[in-house]
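Before any comments, here is the structure.
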Amino acid sequence: MKNIVIFGAPGSGKGTQSDLLVKHYGFDHISTGDVLRAEIKNDTDLGRTAKAYIDNGQLIPDGLMIDILAATYDALPKQSGVIFDGFPRTIPQAEALKTMLATRGTAVHAMLELDVPDEMLTERLINRGKVSGRADDNAETIAKRLAVYHTQTQPLIDWYEAEGLRHAVKGYGALDDINAALRAVIDNIF
């Protein structure tokens, strides 16, 4: 089974491309946002603990997030692979994911980076906000989210490069071309 991290800044197209890869390969898709919402909705022990942090305006600790991801991962049918979308976001999270998978006799096999310039990311997110009505897709919030990405998440590029797992793909242009480039990397690796 293949474990893939899809990586990129907010607005880079991770969710869209994950959906296309899931459809093409039959992978399972673990989106941290979706997982958290499901755990809270289902009122699980992990969900109640996560909700307490969220309700107090706090970030969910890495250990709790890994426990939630591990429970989700363990419940999957383990068909052809898993795409991790939205996790990891920091080097400690990447190290924790590596350890969690190692205890299950597997590993991350590739990190697919969607590389998109900041100006395009801002434009995409503002347009998404106009269509979806998402309150966090405004210029001020987008600038803050990109700043957090550059300081906290972008160092993962070098970390995955050092692990020999980073594969950068141009994340702009025609949707089908981006997806074809991602599939070419996956087909070449596996």
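Residues are named by chain letter and number: chains run A, B, ... in the order of the structure tokens, numbers start at 1 in each chain, and ligands are numbered from 1 in the order shown.
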For this session: Mind listing the strand (DSSP E) residues of stretch 35-170 of chain A, per DSSP on the backbone, as a PyMOL selection string?
Result: chain A and resi 81-85+110-115+166-170
Written selection (N, CA and C atoms) as a CSV table (one decimal), in the first residue's frame:
chain,number,residue,atom,x,y,z
A,81,GLY,N,-3.9,2.6,-1.5
A,81,GLY,CA,-3.1,3.6,-0.9
A,81,GLY,C,-3.9,4.6,-0.1
A,82,VAL,N,-3.1,5.5,0.5
A,82,VAL,CA,-3.8,6.6,1.3
A,82,VAL,C,-3.1,7.9,1.0
A,83,ILE,N,-3.9,8.9,0.8
A,83,ILE,CA,-3.4,10.3,0.6
A,83,ILE,C,-3.7,11.1,1.9
A,84,PHE,N,-2.6,11.6,2.5
A,84,PHE,CA,-2.7,12.5,3.7
A,84,PHE,C,-2.8,13.9,3.1
A,85,ASP,N,-3.9,14.6,3.4
A,85,ASP,CA,-4.2,15.9,2.9
A,85,ASP,C,-4.3,16.9,4.2
A,110,ALA,N,5.9,9.0,-0.7
A,110,ALA,CA,6.1,10.2,-1.5
A,110,ALA,C,5.4,11.4,-0.9
A,111,MET,N,6.1,12.5,-1.0
A,111,MET,CA,5.4,13.8,-0.7
A,111,MET,C,5.3,14.6,-2.1
A,112,LEU,N,4.1,14.8,-2.5
A,112,LEU,CA,3.8,15.5,-3.7
A,112,LEU,C,3.5,17.0,-3.4
A,113,GLU,N,4.4,17.8,-3.8
A,113,GLU,CA,4.3,19.2,-3.5
A,113,GLU,C,3.7,20.0,-4.7
A,114,LEU,N,2.6,20.7,-4.5
A,114,LEU,CA,2.0,21.5,-5.5
A,114,LEU,C,2.6,22.9,-5.3
A,115,ASP,N,3.4,23.3,-6.2
A,115,ASP,CA,4.1,24.6,-6.2
A,115,ASP,C,3.3,25.7,-6.9
A,166,ARG,N,10.5,14.0,-1.6
A,166,ARG,CA,9.8,15.2,-2.2
A,166,ARG,C,9.8,15.1,-3.7
A,167,HIS,N,8.6,15.4,-4.2
A,167,HIS,CA,8.4,15.5,-5.7
A,167,HIS,C,7.6,16.8,-6.0
A,168,ALA,N,8.2,17.8,-6.5
A,168,ALA,CA,7.5,19.1,-6.8
A,168,ALA,C,6.9,19.0,-8.1
A,169,VAL,N,5.6,19.5,-8.2
A,169,VAL,CA,4.9,19.6,-9.4
A,169,VAL,C,4.4,21.0,-9.5
A,170,LYS,N,4.4,21.6,-10.7
A,170,LYS,CA,3.8,22.9,-10.9
A,170,LYS,C,2.3,22.8,-10.7
Closest atom pairs, stretch 51-168 of chain A residues within 12 Å of stretch 9-13 of chain A, only C-alpha atoms, as a Markdown table:
| residue | atom | partner | partner_atom | distance |
| --- | --- | --- | --- | --- |
| A:Asp85 | CA | A:Gly13 | CA | 10.4 |
| A:Gly86 | CA | A:Pro10 | CA | 9.4 |
| A:Phe87 | CA | A:Ala9 | CA | 11.8 |
| A:Arg89 | CA | A:Ala9 | CA | 10.0 |
| A:Leu112 | CA | A:Gly13 | CA | 11.7 |
| A:Glu113 | CA | A:Ala9 | CA | 9.1 |
| A:Leu114 | CA | A:Ser12 | CA | 6.1 |
| A:Asp115 | CA | A:Ser12 | CA | 7.2 |
| A:Val116 | CA | A:Ser12 | CA | 6.1 |
| A:Pro117 | CA | A:Ser12 | CA | 9.0 |
| A:Asp118 | CA | A:Ala9 | CA | 8.5 |
| A:Glu119 | CA | A:Gly11 | CA | 10.7 |
| A:Met120 | CA | A:Gly11 | CA | 8.6 |
| A:Leu121 | CA | A:Gly11 | CA | 5.3 |
| A:Thr122 | CA | A:Gly11 | CA | 7.6 |
| A:Glu123 | CA | A:Gly11 | CA | 8.9 |
| A:Arg124 | CA | A:Gly11 | CA | 6.2 |
| A:Leu125 | CA | A:Gly11 | CA | 5.7 |
| A:Ile126 | CA | A:Gly11 | CA | 9.5 |
| A:Asn127 | CA | A:Gly11 | CA | 10.2 |
| A:Arg128 | CA | A:Gly11 | CA | 8.7 |
| A:Gly129 | CA | A:Gly11 | CA | 10.8 |
| A:Asp136 | CA | A:Pro10 | CA | 11.1 |
| A:Asp137 | CA | A:Gly11 | CA | 9.6 |
| A:Thr141 | CA | A:Pro10 | CA | 11.1 |
| A:Ile142 | CA | A:Pro10 | CA | 8.3 |
| A:Ala143 | CA | A:Pro10 | CA | 10.4 |
| A:Lys144 | CA | A:Pro10 | CA | 10.8 |
| A:Arg145 | CA | A:Pro10 | CA | 7.3 |
| A:Leu146 | CA | A:Ala9 | CA | 6.9 |
| A:Ala147 | CA | A:Ala9 | CA | 10.0 |
| A:Val148 | CA | A:Ala9 | CA | 9.6 |
| A:Tyr149 | CA | A:Ala9 | CA | 6.2 |
| A:His150 | CA | A:Ala9 | CA | 8.2 |
| A:Thr151 | CA | A:Ala9 | CA | 11.4 |
| A:Gln152 | CA | A:Ala9 | CA | 11.0 |
| A:Thr153 | CA | A:Ala9 | CA | 8.3 |
| A:Gln154 | CA | A:Ala9 | CA | 8.1 |
| A:Pro155 | CA | A:Ala9 | CA | 11.8 |
| A:Leu156 | CA | A:Ala9 | CA | 11.5 |
| A:Ile157 | CA | A:Ala9 | CA | 11.2 |
Selected residues, C-alpha atoms, written as a short mmCIF file (atom, residue, chain, number, x, y, z; two decimals), in the first residue's frame, please.
data_model
loop_
_atom_site.label_atom_id
_atom_site.label_comp_id
_atom_site.auth_asym_id
_atom_site.auth_seq_id
_atom_site.Cartn_x
_atom_site.Cartn_y
_atom_site.Cartn_z
CA ASP A 85 -4.15 15.95 2.95
CA GLY A 86 -3.53 18.76 5.42
CA PHE A 87 -1.12 16.78 7.57
CA ARG A 89 2.03 20.82 8.76
CA LEU A 112 3.79 15.49 -3.72
CA GLU A 113 4.30 19.25 -3.54
CA LEU A 114 1.96 21.55 -5.46
CA ASP A 115 4.13 24.59 -6.15
CA VAL A 116 2.08 27.77 -6.73
CA PRO A 117 3.31 31.41 -6.46
CA ASP A 118 1.79 33.45 -3.61
CA GLU A 119 0.08 35.91 -5.98
CA MET A 120 -1.84 33.04 -7.61
CA LEU A 121 -2.69 31.53 -4.23
CA THR A 122 -4.15 34.83 -3.05
CA GLU A 123 -6.17 35.23 -6.23
CA ARG A 124 -7.48 31.65 -6.02
CA LEU A 125 -8.50 32.01 -2.38
CA ILE A 126 -10.23 35.35 -2.91
CA ASN A 127 -12.14 33.87 -5.85
CA ARG A 128 -13.02 30.80 -3.77
CA GLY A 129 -14.32 33.10 -1.05
CA ASP A 136 -11.59 33.19 5.95
CA ASP A 137 -10.98 33.72 2.22
CA THR A 141 -6.76 36.40 6.52
CA ILE A 142 -5.12 34.95 3.42
CA ALA A 143 -1.97 37.00 4.07
CA LYS A 144 -1.85 35.64 7.64
CA ARG A 145 -2.43 32.05 6.49
CA LEU A 146 0.35 32.33 3.90
CA ALA A 147 2.71 33.82 6.50
CA VAL A 148 2.02 30.87 8.81
CA TYR A 149 2.56 28.48 5.89
CA HIS A 150 5.93 30.05 5.03
CA THR A 151 7.22 30.05 8.62
CA GLN A 152 5.80 26.80 10.00
CA THR A 153 4.88 24.50 7.11
CA GLN A 154 7.28 25.33 4.28
CA PRO A 155 10.29 23.92 6.21
CA LEU A 156 8.77 20.49 5.51
CA ILE A 157 9.93 20.86 1.91
#
Exercise. With distances taken over only C-alpha atoms, which of A:Gln79, A:Asn179, A:Thr90, A:Ser132 is nearest to A:Asn3?
Worked result: A:Gln79
Problem set entry | Among listed residues A:Asp19, A:Gly173, A:Met1, A:Pro61, nearest A:Arg104 (using only C-alpha atoms) |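 For A:Arg104, the nearest of the candidates is A:Met1.
Nearest to A:Ile186 of all the residues A:His109, A:Gln93, A:Gln17, A:Ala70 is A:His109, counting only C-alpha atoms.
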Problem set entry | Which of A:Met100, A:Val185, A:Ala139, A:Val5 sits closest to A:Ile68 [using only C-alpha atoms] | A:Met100
